[in-house]
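Structure below is run22.pdb: PDB, C-alpha atoms and all ligand atoms.
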```pdb
ATOM      1  CA  MET A 410       0.000   0.000   0.000  1.00  0.00           C
ATOM      2  CA  VAL A 411       1.258   3.481  -0.941  1.00  0.00           C
ATOM      3  CA  ILE A 412      -0.159   6.487   0.944  1.00  0.00           C
ATOM      4  CA  ALA A 413       0.386  10.045  -0.298  1.00  0.00           C
ATOM      5  CA  VAL A 414      -0.021  12.848   2.249  1.00  0.00           C
ATOM      6  CA  ASP A 415       0.140  16.433   0.960  1.00  0.00           C
ATOM      7  CA  GLY A 416      -0.667  19.810   2.439  1.00  0.00           C
ATOM      8  CA  PRO A 417       0.668  23.231   3.400  1.00  0.00           C
ATOM      9  CA  ALA A 418       3.137  24.040   6.196  1.00  0.00           C
ATOM     10  CA  ALA A 419       2.121  22.961   9.720  1.00  0.00           C
ATOM     11  CA  SER A 420      -1.157  21.427   8.554  1.00  0.00           C
ATOM     12  CA  GLY A 421      -0.158  18.318  10.501  1.00  0.00           C
ATOM     13  CA  LYS A 422       0.747  16.173   7.480  1.00  0.00           C
ATOM     14  CA  GLY A 423       4.041  15.018   9.003  1.00  0.00           C
ATOM     15  CA  THR A 424       2.371  13.924  12.240  1.00  0.00           C
ATOM     16  CA  ILE A 425      -0.317  12.081  10.263  1.00  0.00           C
ATOM     17  CA  ALA A 426       2.177  10.465   7.864  1.00  0.00           C
ATOM     18  CA  ARG A 427       4.388   9.214  10.715  1.00  0.00           C
ATOM     19  CA  ALA A 428       1.385   7.811  12.588  1.00  0.00           C
ATOM     20  CA  LEU A 429      -0.001   6.094   9.455  1.00  0.00           C
ATOM     21  CA  ALA A 430       3.418   4.547   8.788  1.00  0.00           C
ATOM     22  CA  ARG A 431       3.508   3.177  12.337  1.00  0.00           C
ATOM     23  CA  HIS A 432      -0.112   1.982  12.266  1.00  0.00           C
ATOM     24  CA  PHE A 433       0.127   0.183   8.911  1.00  0.00           C
ATOM     25  CA  GLY A 434       3.784  -0.895   9.276  1.00  0.00           C
ATOM     26  CA  LEU A 435       5.051   1.050   6.263  1.00  0.00           C
ATOM     27  CA  PRO A 436       8.315   2.941   5.696  1.00  0.00           C
ATOM     28  CA  HIS A 437       7.930   6.749   5.773  1.00  0.00           C
ATOM     29  CA  LEU A 438       9.658   9.536   3.835  1.00  0.00           C
ATOM     30  CA  ASP A 439       9.276  13.194   4.829  1.00  0.00           C
ATOM     31  CA  THR A 440      10.090  14.756   1.432  1.00  0.00           C
ATOM     32  CA  GLY A 441      10.224  18.266   2.939  1.00  0.00           C
ATOM     33  CA  LEU A 442      13.486  17.166   4.583  1.00  0.00           C
ATOM     34  CA  LEU A 443      15.048  16.679   1.146  1.00  0.00           C
ATOM     35  CA  TYR A 444      14.288  20.273   0.154  1.00  0.00           C
ATOM     36  CA  ARG A 445      15.358  21.482   3.603  1.00  0.00           C
ATOM     37  CA  SER A 446      18.684  19.615   3.238  1.00  0.00           C
ATOM     38  CA  VAL A 447      19.366  21.329  -0.093  1.00  0.00           C
ATOM     39  CA  ALA A 448      18.505  24.672   1.529  1.00  0.00           C
ATOM     40  CA  LEU A 449      20.820  24.017   4.487  1.00  0.00           C
ATOM     41  CA  ASN A 450      23.670  23.007   2.157  1.00  0.00           C
ATOM     42  CA  LEU A 451      23.209  26.144   0.094  1.00  0.00           C
ATOM     43  CA  TRP A 452      23.103  28.335   3.184  1.00  0.00           C
ATOM     44  CA  ARG A 453      26.233  26.710   4.640  1.00  0.00           C
ATOM     45  CA  PHE A 454      28.316  27.291   1.537  1.00  0.00           C
ATOM     46  CA  GLY A 455      27.028  30.860   1.265  1.00  0.00           C
ATOM     47  CA  GLY A 456      25.152  30.241  -1.997  1.00  0.00           C
ATOM     48  CA  ASP A 457      22.493  32.554  -3.422  1.00  0.00           C
ATOM     49  CA  PRO A 458      18.914  31.173  -3.142  1.00  0.00           C
ATOM     50  CA  GLY A 459      18.079  33.453  -6.075  1.00  0.00           C
ATOM     51  CA  SER A 460      20.295  31.375  -8.377  1.00  0.00           C
ATOM     52  CA  GLU A 461      18.899  28.101  -9.763  1.00  0.00           C
ATOM     53  CA  PHE A 462      22.421  27.094 -10.786  1.00  0.00           C
ATOM     54  CA  GLU A 463      23.794  27.466  -7.231  1.00  0.00           C
ATOM     55  CA  ALA A 464      20.751  25.679  -5.777  1.00  0.00           C
ATOM     56  CA  VAL A 465      21.328  22.698  -8.079  1.00  0.00           C
ATOM     57  CA  ARG A 466      24.952  22.514  -6.919  1.00  0.00           C
ATOM     58  CA  ALA A 467      23.585  22.187  -3.354  1.00  0.00           C
ATOM     59  CA  CYS A 468      21.557  19.068  -4.256  1.00  0.00           C
ATOM     60  CA  HIS A 469      24.288  16.668  -3.084  1.00  0.00           C
ATOM     61  CA  ILE A 470      22.679  16.180   0.309  1.00  0.00           C
ATOM     62  CA  ASP A 471      24.011  12.835   1.498  1.00  0.00           C
ATOM     63  CA  GLY A 472      26.365  14.520   3.994  1.00  0.00           C
ATOM     64  CA  ILE A 473      23.499  16.100   5.969  1.00  0.00           C
ATOM     65  CA  GLY A 474      22.180  14.269   9.010  1.00  0.00           C
ATOM     66  CA  TRP A 475      18.377  14.183   9.031  1.00  0.00           C
ATOM     67  CA  ASP A 476      18.366  15.034  12.721  1.00  0.00           C
ATOM     68  CA  ASP A 477      20.322  18.284  12.229  1.00  0.00           C
ATOM     69  CA  PRO A 478      18.279  20.844  14.259  1.00  0.00           C
ATOM     70  CA  GLU A 479      19.077  23.563  11.711  1.00  0.00           C
ATOM     71  CA  LEU A 480      16.924  21.756   9.139  1.00  0.00           C
ATOM     72  CA  ARG A 481      13.883  22.997  11.072  1.00  0.00           C
ATOM     73  CA  SER A 482      14.936  26.647  11.437  1.00  0.00           C
ATOM     74  CA  GLU A 483      12.791  29.377   9.894  1.00  0.00           C
ATOM     75  CA  THR A 484      15.762  30.520   7.746  1.00  0.00           C
ATOM     76  CA  VAL A 485      16.058  27.065   6.223  1.00  0.00           C
ATOM     77  CA  SER A 486      12.233  26.816   5.807  1.00  0.00           C
ATOM     78  CA  SER A 487      12.221  30.016   3.851  1.00  0.00           C
ATOM     79  CA  ILE A 488      15.201  29.080   1.622  1.00  0.00           C
ATOM     80  CA  ALA A 489      13.650  25.612   1.075  1.00  0.00           C
ATOM     81  CA  SER A 490      10.453  27.181  -0.147  1.00  0.00           C
ATOM     82  CA  ARG A 491      12.385  29.374  -2.614  1.00  0.00           C
ATOM     83  CA  ILE A 492      14.702  26.717  -4.051  1.00  0.00           C
ATOM     84  CA  SER A 493      11.893  24.139  -4.312  1.00  0.00           C
ATOM     85  CA  ALA A 494      10.363  26.266  -7.093  1.00  0.00           C
ATOM     86  CA  TYR A 495      13.347  25.509  -9.399  1.00  0.00           C
ATOM     87  CA  PRO A 496      12.529  22.737 -11.901  1.00  0.00           C
ATOM     88  CA  MET A 497      16.157  21.528 -11.877  1.00  0.00           C
ATOM     89  CA  VAL A 498      16.131  21.137  -8.080  1.00  0.00           C
ATOM     90  CA  ARG A 499      12.854  19.177  -8.228  1.00  0.00           C
ATOM     91  CA  GLU A 500      14.311  17.026 -11.006  1.00  0.00           C
ATOM     92  CA  ALA A 501      17.448  16.305  -8.944  1.00  0.00           C
ATOM     93  CA  LEU A 502      15.311  15.005  -6.035  1.00  0.00           C
ATOM     94  CA  LEU A 503      12.670  13.209  -8.132  1.00  0.00           C
ATOM     95  CA  GLU A 504      14.285   9.811  -8.649  1.00  0.00           C
ATOM     96  CA  ARG A 505      15.001   9.018  -4.994  1.00  0.00           C
ATOM     97  CA  GLN A 506      11.406   9.895  -4.028  1.00  0.00           C
ATOM     98  CA  LYS A 507       9.927   7.763  -6.839  1.00  0.00           C
ATOM     99  CA  ARG A 508      12.208   4.884  -5.865  1.00  0.00           C
ATOM    100  CA  PHE A 509      11.089   5.149  -2.231  1.00  0.00           C
ATOM    101  CA  ALA A 510       7.414   5.150  -3.270  1.00  0.00           C
ATOM    102  CA  ALA A 511       7.982   2.063  -5.445  1.00  0.00           C
ATOM    103  CA  GLY A 512       9.668   0.083  -2.637  1.00  0.00           C
ATOM    104  CA  PRO A 513       8.615  -3.557  -2.160  1.00  0.00           C
ATOM    105  CA  SER A 514       6.853  -3.053   1.180  1.00  0.00           C
ATOM    106  CA  GLY A 515       4.785   0.015   0.230  1.00  0.00           C
ATOM    107  CA  ALA A 516       5.345   3.492   1.664  1.00  0.00           C
ATOM    108  CA  VAL A 517       3.942   6.646   3.196  1.00  0.00           C
ATOM    109  CA  LEU A 518       5.325   9.899   1.773  1.00  0.00           C
ATOM    110  CA  ASP A 519       4.416  13.416   2.823  1.00  0.00           C
ATOM    111  CA  GLY A 520       5.065  16.665   0.991  1.00  0.00           C
ATOM    112  CA  ARG A 521       3.446  18.955  -1.558  1.00  0.00           C
ATOM    113  CA  ASP A 522       3.366  16.951  -4.801  1.00  0.00           C
ATOM    114  CA  ILE A 523       3.203  13.322  -3.666  1.00  0.00           C
ATOM    115  CA  GLY A 524      -0.321  12.624  -4.943  1.00  0.00           C
ATOM    116  CA  THR A 525       0.166  14.665  -8.126  1.00  0.00           C
ATOM    117  CA  VAL A 526       3.759  13.940  -9.254  1.00  0.00           C
ATOM    118  CA  ILE A 527       5.726  11.488  -7.089  1.00  0.00           C
ATOM    119  CA  ALA A 528       3.078   8.785  -6.594  1.00  0.00           C
ATOM    120  CA  PRO A 529       0.098   9.618  -8.868  1.00  0.00           C
ATOM    121  CA  ASP A 530      -1.057   5.978  -8.571  1.00  0.00           C
ATOM    122  CA  ALA A 531      -0.977   5.914  -4.750  1.00  0.00           C
ATOM    123  CA  ASP A 532      -3.660   3.710  -3.175  1.00  0.00           C
ATOM    124  CA  VAL A 533      -4.730   6.465  -0.800  1.00  0.00           C
ATOM    125  CA  LYS A 534      -4.221  10.216  -1.115  1.00  0.00           C
ATOM    126  CA  LEU A 535      -4.827  12.647   1.722  1.00  0.00           C
ATOM    127  CA  PHE A 536      -4.781  16.417   1.419  1.00  0.00           C
ATOM    128  CA  VAL A 537      -4.326  17.812   4.929  1.00  0.00           C
ATOM    129  CA  THR A 538      -5.096  21.435   5.626  1.00  0.00           C
ATOM    130  CA  ALA A 539      -5.883  23.963   8.406  1.00  0.00           C
ATOM    131  CA  SER A 540      -6.349  27.735   8.510  1.00  0.00           C
ATOM    132  CA  PRO A 541      -3.153  29.854   8.273  1.00  0.00           C
ATOM    133  CA  GLN A 542      -3.758  31.323  11.768  1.00  0.00           C
ATOM    134  CA  ILE A 543      -4.007  27.878  13.359  1.00  0.00           C
ATOM    135  CA  ARG A 544      -0.971  26.609  11.475  1.00  0.00           C
ATOM    136  CA  ALA A 545       1.048  29.623  12.645  1.00  0.00           C
ATOM    137  CA  GLU A 546      -0.005  28.981  16.263  1.00  0.00           C
ATOM    138  CA  ARG A 547       1.114  25.344  15.948  1.00  0.00           C
ATOM    139  CA  ARG A 548       4.506  26.361  14.552  1.00  0.00           C
ATOM    140  CA  LEU A 549       4.882  28.950  17.351  1.00  0.00           C
ATOM    141  CA  LYS A 550       4.276  26.289  20.010  1.00  0.00           C
ATOM    142  CA  GLU A 551       6.783  23.955  18.363  1.00  0.00           C
ATOM    143  CA  LEU A 552       9.496  26.624  18.222  1.00  0.00           C
ATOM    144  CA  GLN A 553       8.824  27.695  21.810  1.00  0.00           C
ATOM    145  CA  ALA A 554       9.046  24.093  22.987  1.00  0.00           C
ATOM    146  CA  ARG A 555      12.491  23.880  21.371  1.00  0.00           C
ATOM    147  CA  GLY A 556      13.571  27.112  23.091  1.00  0.00           C
ATOM    148  CA  MET A 557      13.876  28.894  19.743  1.00  0.00           C
ATOM    149  CA  PRO A 558      12.956  32.602  19.482  1.00  0.00           C
ATOM    150  CA  ALA A 559       9.560  33.051  17.813  1.00  0.00           C
ATOM    151  CA  HIS A 560       7.017  35.794  17.111  1.00  0.00           C
ATOM    152  CA  LEU A 561       3.489  34.901  15.911  1.00  0.00           C
ATOM    153  CA  PRO A 562       3.034  37.708  13.305  1.00  0.00           C
ATOM    154  CA  ASP A 563       6.388  36.794  11.688  1.00  0.00           C
ATOM    155  CA  ILE A 564       5.494  33.101  11.577  1.00  0.00           C
ATOM    156  CA  LEU A 565       2.071  33.852  10.067  1.00  0.00           C
ATOM    157  CA  ALA A 566       3.657  36.084   7.410  1.00  0.00           C
ATOM    158  CA  ASP A 567       6.200  33.363   6.614  1.00  0.00           C
ATOM    159  CA  ILE A 568       3.493  30.689   6.338  1.00  0.00           C
ATOM    160  CA  GLU A 569       1.397  32.852   4.024  1.00  0.00           C
ATOM    161  CA  ALA A 570       4.432  33.670   1.857  1.00  0.00           C
ATOM    162  CA  ARG A 571       5.356  29.975   1.622  1.00  0.00           C
ATOM    163  CA  ASP A 572       1.739  28.992   0.817  1.00  0.00           C
ATOM    164  CA  ALA A 573       1.732  31.518  -2.026  1.00  0.00           C
ATOM    165  CA  ARG A 574       5.118  30.409  -3.394  1.00  0.00           C
ATOM    166  CA  ASP A 575       4.254  26.703  -3.135  1.00  0.00           C
ATOM    167  CA  SER A 576       0.852  27.163  -4.816  1.00  0.00           C
ATOM    168  CA  ASP A 577       1.861  29.624  -7.529  1.00  0.00           C
ATOM    169  CA  ARG A 578       5.031  27.981  -8.854  1.00  0.00           C
ATOM    170  CA  SER A 579       4.765  26.390 -12.290  1.00  0.00           C
ATOM    171  CA  SER A 580       6.739  23.242 -11.405  1.00  0.00           C
ATOM    172  CA  ALA A 581       4.726  20.758  -9.273  1.00  0.00           C
ATOM    173  CA  PRO A 582       2.659  23.371  -7.386  1.00  0.00           C
ATOM    174  CA  LEU A 583       0.895  22.541  -4.128  1.00  0.00           C
ATOM    175  CA  ARG A 584      -2.614  21.429  -5.045  1.00  0.00           C
ATOM    176  CA  GLN A 585      -5.091  18.775  -4.033  1.00  0.00           C
ATOM    177  CA  ALA A 586      -5.073  15.811  -6.432  1.00  0.00           C
ATOM    178  CA  GLU A 587      -8.522  15.136  -7.915  1.00  0.00           C
ATOM    179  CA  ASP A 588      -8.715  11.781  -6.159  1.00  0.00           C
ATOM    180  CA  ALA A 589      -7.370  13.013  -2.793  1.00  0.00           C
ATOM    181  CA  VAL A 590      -9.520  13.103   0.351  1.00  0.00           C
ATOM    182  CA  LEU A 591      -9.524  16.502   2.077  1.00  0.00           C
ATOM    183  CA  LEU A 592      -8.824  16.490   5.820  1.00  0.00           C
ATOM    184  CA  ASP A 593      -9.226  19.884   7.502  1.00  0.00           C
ATOM    185  CA  THR A 594      -7.532  19.609  10.911  1.00  0.00           C
ATOM    186  CA  SER A 595      -8.289  23.203  12.038  1.00  0.00           C
ATOM    187  CA  ARG A 596     -10.570  22.035  14.852  1.00  0.00           C
ATOM    188  CA  MET A 597      -8.826  18.728  15.589  1.00  0.00           C
ATOM    189  CA  SER A 598      -6.114  17.792  18.025  1.00  0.00           C
ATOM    190  CA  ALA A 599      -3.183  15.875  16.548  1.00  0.00           C
ATOM    191  CA  GLU A 600      -4.669  12.648  18.001  1.00  0.00           C
ATOM    192  CA  GLU A 601      -8.084  13.328  16.430  1.00  0.00           C
ATOM    193  CA  ALA A 602      -6.467  14.104  13.065  1.00  0.00           C
ATOM    194  CA  VAL A 603      -4.520  10.836  13.161  1.00  0.00           C
ATOM    195  CA  ALA A 604      -7.643   8.856  14.067  1.00  0.00           C
ATOM    196  CA  ALA A 605      -9.565  10.496  11.193  1.00  0.00           C
ATOM    197  CA  ALA A 606      -6.731   9.716   8.760  1.00  0.00           C
ATOM    198  CA  ILE A 607      -6.700   6.036   9.783  1.00  0.00           C
ATOM    199  CA  VAL A 608     -10.459   5.810   9.149  1.00  0.00           C
ATOM    200  CA  ILE A 609     -10.020   7.388   5.685  1.00  0.00           C
ATOM    201  CA  VAL A 610      -7.211   4.979   4.769  1.00  0.00           C
ATOM    202  CA  GLU A 611      -9.211   1.945   5.955  1.00  0.00           C
ATOM    203  CA  LYS A 612     -12.249   3.051   3.909  1.00  0.00           C
ATOM    204  CA  GLN A 613     -10.260   3.815   0.736  1.00  0.00           C
ATOM    205  CA  ARG A 614      -8.373   0.540   1.026  1.00  0.00           C
ATOM    206  CA  LEU A 615     -11.607  -1.416   1.100  1.00  0.00           C
ATOM    207  CA  GLY A 616     -12.616   0.540  -2.037  1.00  0.00           C
TER
HETATM  208  O1  LIG B   1       6.867  21.077   7.538  1.00  0.00           O
HETATM  209  P1  LIG B   1       6.581  22.166   6.576  1.00  0.00           P
HETATM  210  O2  LIG B   1       5.307  21.947   5.859  1.00  0.00           O
HETATM  211  O3  LIG B   1       6.746  23.533   7.141  1.00  0.00           O
HETATM  212  O4  LIG B   1       7.692  22.149   5.444  1.00  0.00           O
HETATM  213  P2  LIG B   1       8.298  20.903   4.716  1.00  0.00           P
HETATM  214  O5  LIG B   1       7.258  19.927   4.339  1.00  0.00           O
HETATM  215  O6  LIG B   1       9.462  20.430   5.503  1.00  0.00           O
HETATM  216  O7  LIG B   1       8.816  21.555   3.351  1.00  0.00           O
HETATM  217  C1  LIG B   1       9.715  22.654   3.309  1.00  0.00           C
HETATM  218  C2  LIG B   1       9.557  23.317   1.939  1.00  0.00           C
HETATM  219  O8  LIG B   1       9.954  22.390   0.929  1.00  0.00           O
HETATM  220  C3  LIG B   1       8.115  23.706   1.604  1.00  0.00           C
HETATM  221  O9  LIG B   1       7.823  25.068   1.903  1.00  0.00           O
HETATM  222  C4  LIG B   1       8.010  23.466   0.114  1.00  0.00           C
HETATM  223  O10 LIG B   1       8.295  24.648  -0.589  1.00  0.00           O
HETATM  224  C5  LIG B   1       9.095  22.465  -0.201  1.00  0.00           C
HETATM  225  N1  LIG B   1       8.573  21.135  -0.541  1.00  0.00           N
HETATM  226  C6  LIG B   1       8.200  20.906  -1.838  1.00  0.00           C
HETATM  227  O11 LIG B   1       8.246  21.821  -2.666  1.00  0.00           O
HETATM  228  N2  LIG B   1       7.762  19.687  -2.232  1.00  0.00           N
HETATM  229  C7  LIG B   1       7.692  18.680  -1.356  1.00  0.00           C
HETATM  230  N3  LIG B   1       7.276  17.477  -1.774  1.00  0.00           N
HETATM  231  C8  LIG B   1       8.039  18.891  -0.003  1.00  0.00           C
HETATM  232  C9  LIG B   1       8.475  20.132   0.375  1.00  0.00           C
HETATM  233  O1  LIG B   2       4.313  18.324   8.651  1.00  0.00           O
HETATM  234  P1  LIG B   2       3.576  19.603   8.882  1.00  0.00           P
HETATM  235  O2  LIG B   2       4.454  20.810   8.766  1.00  0.00           O
HETATM  236  O3  LIG B   2       2.341  19.730   8.047  1.00  0.00           O
HETATM  237  O4  LIG B   2       3.033  19.596  10.379  1.00  0.00           O
HETATM  238  P2  LIG B   2       3.501  18.757  11.651  1.00  0.00           P
HETATM  239  O5  LIG B   2       4.949  18.960  11.840  1.00  0.00           O
HETATM  240  O6  LIG B   2       2.975  17.383  11.557  1.00  0.00           O
HETATM  241  O7  LIG B   2       2.662  19.475  12.795  1.00  0.00           O
HETATM  242  C1  LIG B   2       2.937  20.750  13.254  1.00  0.00           C
HETATM  243  C2  LIG B   2       2.573  20.832  14.735  1.00  0.00           C
HETATM  244  O8  LIG B   2       1.158  20.917  14.877  1.00  0.00           O
HETATM  245  C3  LIG B   2       3.018  19.638  15.565  1.00  0.00           C
HETATM  246  O9  LIG B   2       3.593  20.117  16.765  1.00  0.00           O
HETATM  247  C4  LIG B   2       1.748  18.867  15.844  1.00  0.00           C
HETATM  248  O10 LIG B   2       1.743  18.188  17.072  1.00  0.00           O
HETATM  249  C5  LIG B   2       0.699  19.975  15.863  1.00  0.00           C
HETATM  250  N1  LIG B   2      -0.674  19.569  15.521  1.00  0.00           N
HETATM  251  C6  LIG B   2      -0.950  18.727  14.485  1.00  0.00           C
HETATM  252  O11 LIG B   2      -0.043  18.229  13.854  1.00  0.00           O
HETATM  253  N2  LIG B   2      -2.242  18.395  14.126  1.00  0.00           N
HETATM  254  C7  LIG B   2      -3.264  18.884  14.816  1.00  0.00           C
HETATM  255  N3  LIG B   2      -4.496  18.557  14.470  1.00  0.00           N
HETATM  256  C8  LIG B   2      -3.005  19.739  15.873  1.00  0.00           C
HETATM  257  C9  LIG B   2      -1.698  20.063  16.188  1.00  0.00           C
END
```
Would you mind writing the file's structure down as structure tokens?
Amino acid sequence: MVIAVDGPAASGKGTIARALARHFGLPHLDTGLLYRSVALNLWRFGGDPGSEFEAVRACHIDGIGWDDPELRSETVSSIASRISAYPMVREALLERQKRFAAGPSGAVLDGRDIGTVIAPDADVKLFVTASPQIRAERRLKELQARGMPAHLPDILADIEARDARDSDRSSAPLRQAEDAVLLDTSRMSAEEAVAAAIVIVEKQRLG
């Protein structure tokens, strides 16, 4: 079984994807981490996020540990959202995502274009969303819990800017696949959202 989970920043797609992977015993790939790794590489070698050429040079990401706390910083989030609009960057990361989705034991992937580009034939597609205000409050809590400096109006502005960039780009924009099930988590706790996602997957699986 292949499950595609897409949605905007802090909609809860990562939490849902991880929980689905655990529940159904499937391997999980957070594809946002790939774009974040490219962004962190670029930032570390002082590259210009405005240059597609320099961003492509940063696509050799095997040296970055996936638990590097800097991957989650707002600076890296913002660079990731800019460089992910470059077709050559998306192309450089395409093959490893497709290979993961085609693995022998099935997979759960979360990102922006899983149901539309990476795994268009996925057995179940979820499009997870929540209002920008609620997503900003979630991100604020997360940053505060990690002791990182955070300011709600800045986070909200960043989320809205990333939503616009992710939705308006020409290469693999963020959009709900026609056959995806919409899950609005605005009024749900993380536990409720996970429970709702499991019900959707069970129903879709039974056809
Ligand atoms: O967790 P959050 O939603 O804030 O971000 P993420 O999923 O880690 O993704 C970081 C950035 O990478 C996003 O703002 C997108 O621009 C980009 N991304 C993408 O373009 N396509 C994907 N499949 C995953 C992430
Ligand atoms: O992966 P994405 O950026 O979409 O979001 P996440 O990292 O899964 O979730 C962002 C934060 O919102 C986490 O701290 C979750 O515990 C929290 N949250 C949630 O994921 N879903 C809810 N329904 C409520 C809160």
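Atom CA of Gly520 of chain A sits 16.0 Å away from atom CA of Tyr495 of chain A.
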Exercise: Asp572 of chain A partners within 9 Å, all atoms listed in the file, chain neighbours under 6 positions left out, as a VMD selection string: chain A and resid 417 to 418 490 541 583
Write out the residues from the selection above, keeping C-alpha atoms, as a compact mmCIF listing (two decimals), in the coordinates of the input.
```
# COMPACT_ATOMS: atom_id res chain seq x y z
CA PRO A 417 0.67 23.23 3.40
CA ALA A 418 3.14 24.04 6.20
CA SER A 490 10.45 27.18 -0.15
CA PRO A 541 -3.15 29.85 8.27
CA LEU A 583 0.90 22.54 -4.13
```
Would you compute, for all listed atoms of segment 429-443 of chain A, the axis-aligned bounding box grown by 8 Å on each side, and then report its centre and edge lengths in Å rounded to one decimal, as lines of an AutoDock Vina configuration file?
```
center_x = 7.5
center_y = 8.7
center_z = 6.7
size_x = 31.2
size_y = 35.2
size_z = 27.2
```
If you take all atoms listed in the file and a cut-off of 6 Å, which residues of chain A touch ligand LIG 1 (chain B), and what are their nearest atom pairs and distances in Å to one decimal, in chain and number order, as a Markdown table?
```
| residue | atom | partner | partner_atom | distance |
| --- | --- | --- | --- | --- |
| A:Pro417 | CA | B:LIG1 | O2 | 5.4 |
| A:Ala418 | CA | B:LIG1 | O2 | 3.0 |
| A:Ala419 | CA | B:LIG1 | O2 | 5.1 |
| A:Thr440 | CA | B:LIG1 | C8 | 4.8 |
| A:Gly441 | CA | B:LIG1 | O6 | 3.4 |
| A:Leu442 | CA | B:LIG1 | O6 | 5.3 |
| A:Tyr444 | CA | B:LIG1 | O8 | 4.9 |
| A:Arg445 | CA | B:LIG1 | C1 | 5.8 |
| A:Ser486 | CA | B:LIG1 | C1 | 5.5 |
| A:Ala489 | CA | B:LIG1 | C2 | 4.8 |
| A:Ser490 | CA | B:LIG1 | O10 | 3.4 |
| A:Ser493 | CA | B:LIG1 | O11 | 4.6 |
| A:Gly520 | CA | B:LIG1 | N3 | 3.6 |
| A:Arg521 | CA | B:LIG1 | N3 | 4.1 |
| A:Asp522 | CA | B:LIG1 | N3 | 5.0 |
| A:Arg571 | CA | B:LIG1 | O9 | 5.5 |
| A:Asp575 | CA | B:LIG1 | O10 | 5.2 |
```
Can you measure atom CA of Leu451 of chain A to atom CA of Arg578 of chain A for me? One decimal in Å is fine.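 About the pair atom CA of Leu451 of chain A and atom CA of Arg578 of chain A: they are 20.3 Å apart.
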Mind listing the residues within 10 Å of ligand LIG 2 (chain B), all atoms listed in the file counted, as a PyMOL selection string? chain A and resi 414-428+439-441+481+519-521+537-539+543-552+554+592-603
Generate a file of the selected residues that holds C-alpha atoms, formatted as a JSON list (two decimals), in the coordinates of the input.
```json
[["chain", "number", "residue", "atom", "x", "y", "z"],
["A", 414, "VAL", "CA", -0.02, 12.85, 2.25],
["A", 415, "ASP", "CA", 0.14, 16.43, 0.96],
["A", 416, "GLY", "CA", -0.67, 19.81, 2.44],
["A", 417, "PRO", "CA", 0.67, 23.23, 3.40],
["A", 418, "ALA", "CA", 3.14, 24.04, 6.20],
["A", 419, "ALA", "CA", 2.12, 22.96, 9.72],
["A", 420, "SER", "CA", -1.16, 21.43, 8.55],
["A", 421, "GLY", "CA", -0.16, 18.32, 10.50],
["A", 422, "LYS", "CA", 0.75, 16.17, 7.48],
["A", 423, "GLY", "CA", 4.04, 15.02, 9.00],
["A", 424, "THR", "CA", 2.37, 13.92, 12.24],
["A", 425, "ILE", "CA", -0.32, 12.08, 10.26],
["A", 426, "ALA", "CA", 2.18, 10.46, 7.86],
["A", 427, "ARG", "CA", 4.39, 9.21, 10.72],
["A", 428, "ALA", "CA", 1.38, 7.81, 12.59],
["A", 439, "ASP", "CA", 9.28, 13.19, 4.83],
["A", 440, "THR", "CA", 10.09, 14.76, 1.43],
["A", 441, "GLY", "CA", 10.22, 18.27, 2.94],
["A", 481, "ARG", "CA", 13.88, 23.00, 11.07],
["A", 519, "ASP", "CA", 4.42, 13.42, 2.82],
["A", 520, "GLY", "CA", 5.07, 16.66, 0.99],
["A", 521, "ARG", "CA", 3.45, 18.95, -1.56],
["A", 537, "VAL", "CA", -4.33, 17.81, 4.93],
["A", 538, "THR", "CA", -5.10, 21.44, 5.63],
["A", 539, "ALA", "CA", -5.88, 23.96, 8.41],
["A", 543, "ILE", "CA", -4.01, 27.88, 13.36],
["A", 544, "ARG", "CA", -0.97, 26.61, 11.48],
["A", 545, "ALA", "CA", 1.05, 29.62, 12.64],
["A", 546, "GLU", "CA", 0.00, 28.98, 16.26],
["A", 547, "ARG", "CA", 1.11, 25.34, 15.95],
["A", 548, "ARG", "CA", 4.51, 26.36, 14.55],
["A", 549, "LEU", "CA", 4.88, 28.95, 17.35],
["A", 550, "LYS", "CA", 4.28, 26.29, 20.01],
["A", 551, "GLU", "CA", 6.78, 23.96, 18.36],
["A", 552, "LEU", "CA", 9.50, 26.62, 18.22],
["A", 554, "ALA", "CA", 9.05, 24.09, 22.99],
["A", 592, "LEU", "CA", -8.82, 16.49, 5.82],
["A", 593, "ASP", "CA", -9.23, 19.88, 7.50],
["A", 594, "THR", "CA", -7.53, 19.61, 10.91],
["A", 595, "SER", "CA", -8.29, 23.20, 12.04],
["A", 596, "ARG", "CA", -10.57, 22.04, 14.85],
["A", 597, "MET", "CA", -8.83, 18.73, 15.59],
["A", 598, "SER", "CA", -6.11, 17.79, 18.02],
["A", 599, "ALA", "CA", -3.18, 15.88, 16.55],
["A", 600, "GLU", "CA", -4.67, 12.65, 18.00],
["A", 601, "GLU", "CA", -8.08, 13.33, 16.43],
["A", 602, "ALA", "CA", -6.47, 14.10, 13.06],
["A", 603, "VAL", "CA", -4.52, 10.84, 13.16]]
```
Point-to-point distance in Å for atom CA of Glu500 of chain A and atom CA of Gly455 of chain A: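 Going from atom CA of Gly455 of chain A over to atom CA of Glu500 of chain A, I get 22.4 Å.
Between Gly616 of chain A and the residues A:Val533, A:Gln506, A:Asp476, A:Gly556, the shortest atom-to-atom distance, using all atoms listed in the file, involves A:Val533.
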I'd like to see the residues matched by the PyMOL selection byres (((chain A and resi 435) around 9) and not hetatm) on this file, and ideally I'd get them as an mmCIF file with C-alpha atoms, keeping the file's coordinate frame.
```
data_model
loop_
_atom_site.group_PDB
_atom_site.id
_atom_site.type_symbol
_atom_site.label_atom_id
_atom_site.label_comp_id
_atom_site.auth_asym_id
_atom_site.auth_seq_id
_atom_site.Cartn_x
_atom_site.Cartn_y
_atom_site.Cartn_z
ATOM 1 C CA MET A 410 0.000 0.000 0.000
ATOM 2 C CA VAL A 411 1.258 3.481 -0.941
ATOM 3 C CA LEU A 429 -0.001 6.094 9.455
ATOM 4 C CA ALA A 430 3.418 4.547 8.788
ATOM 5 C CA ARG A 431 3.508 3.177 12.337
ATOM 6 C CA HIS A 432 -0.112 1.982 12.266
ATOM 7 C CA PHE A 433 0.127 0.183 8.911
ATOM 8 C CA GLY A 434 3.784 -0.895 9.276
ATOM 9 C CA PRO A 436 8.315 2.941 5.696
ATOM 10 C CA HIS A 437 7.930 6.749 5.773
ATOM 11 C CA SER A 514 6.853 -3.053 1.180
ATOM 12 C CA GLY A 515 4.785 0.015 0.230
ATOM 13 C CA ALA A 516 5.345 3.492 1.664
ATOM 14 C CA VAL A 517 3.942 6.646 3.196
#
```
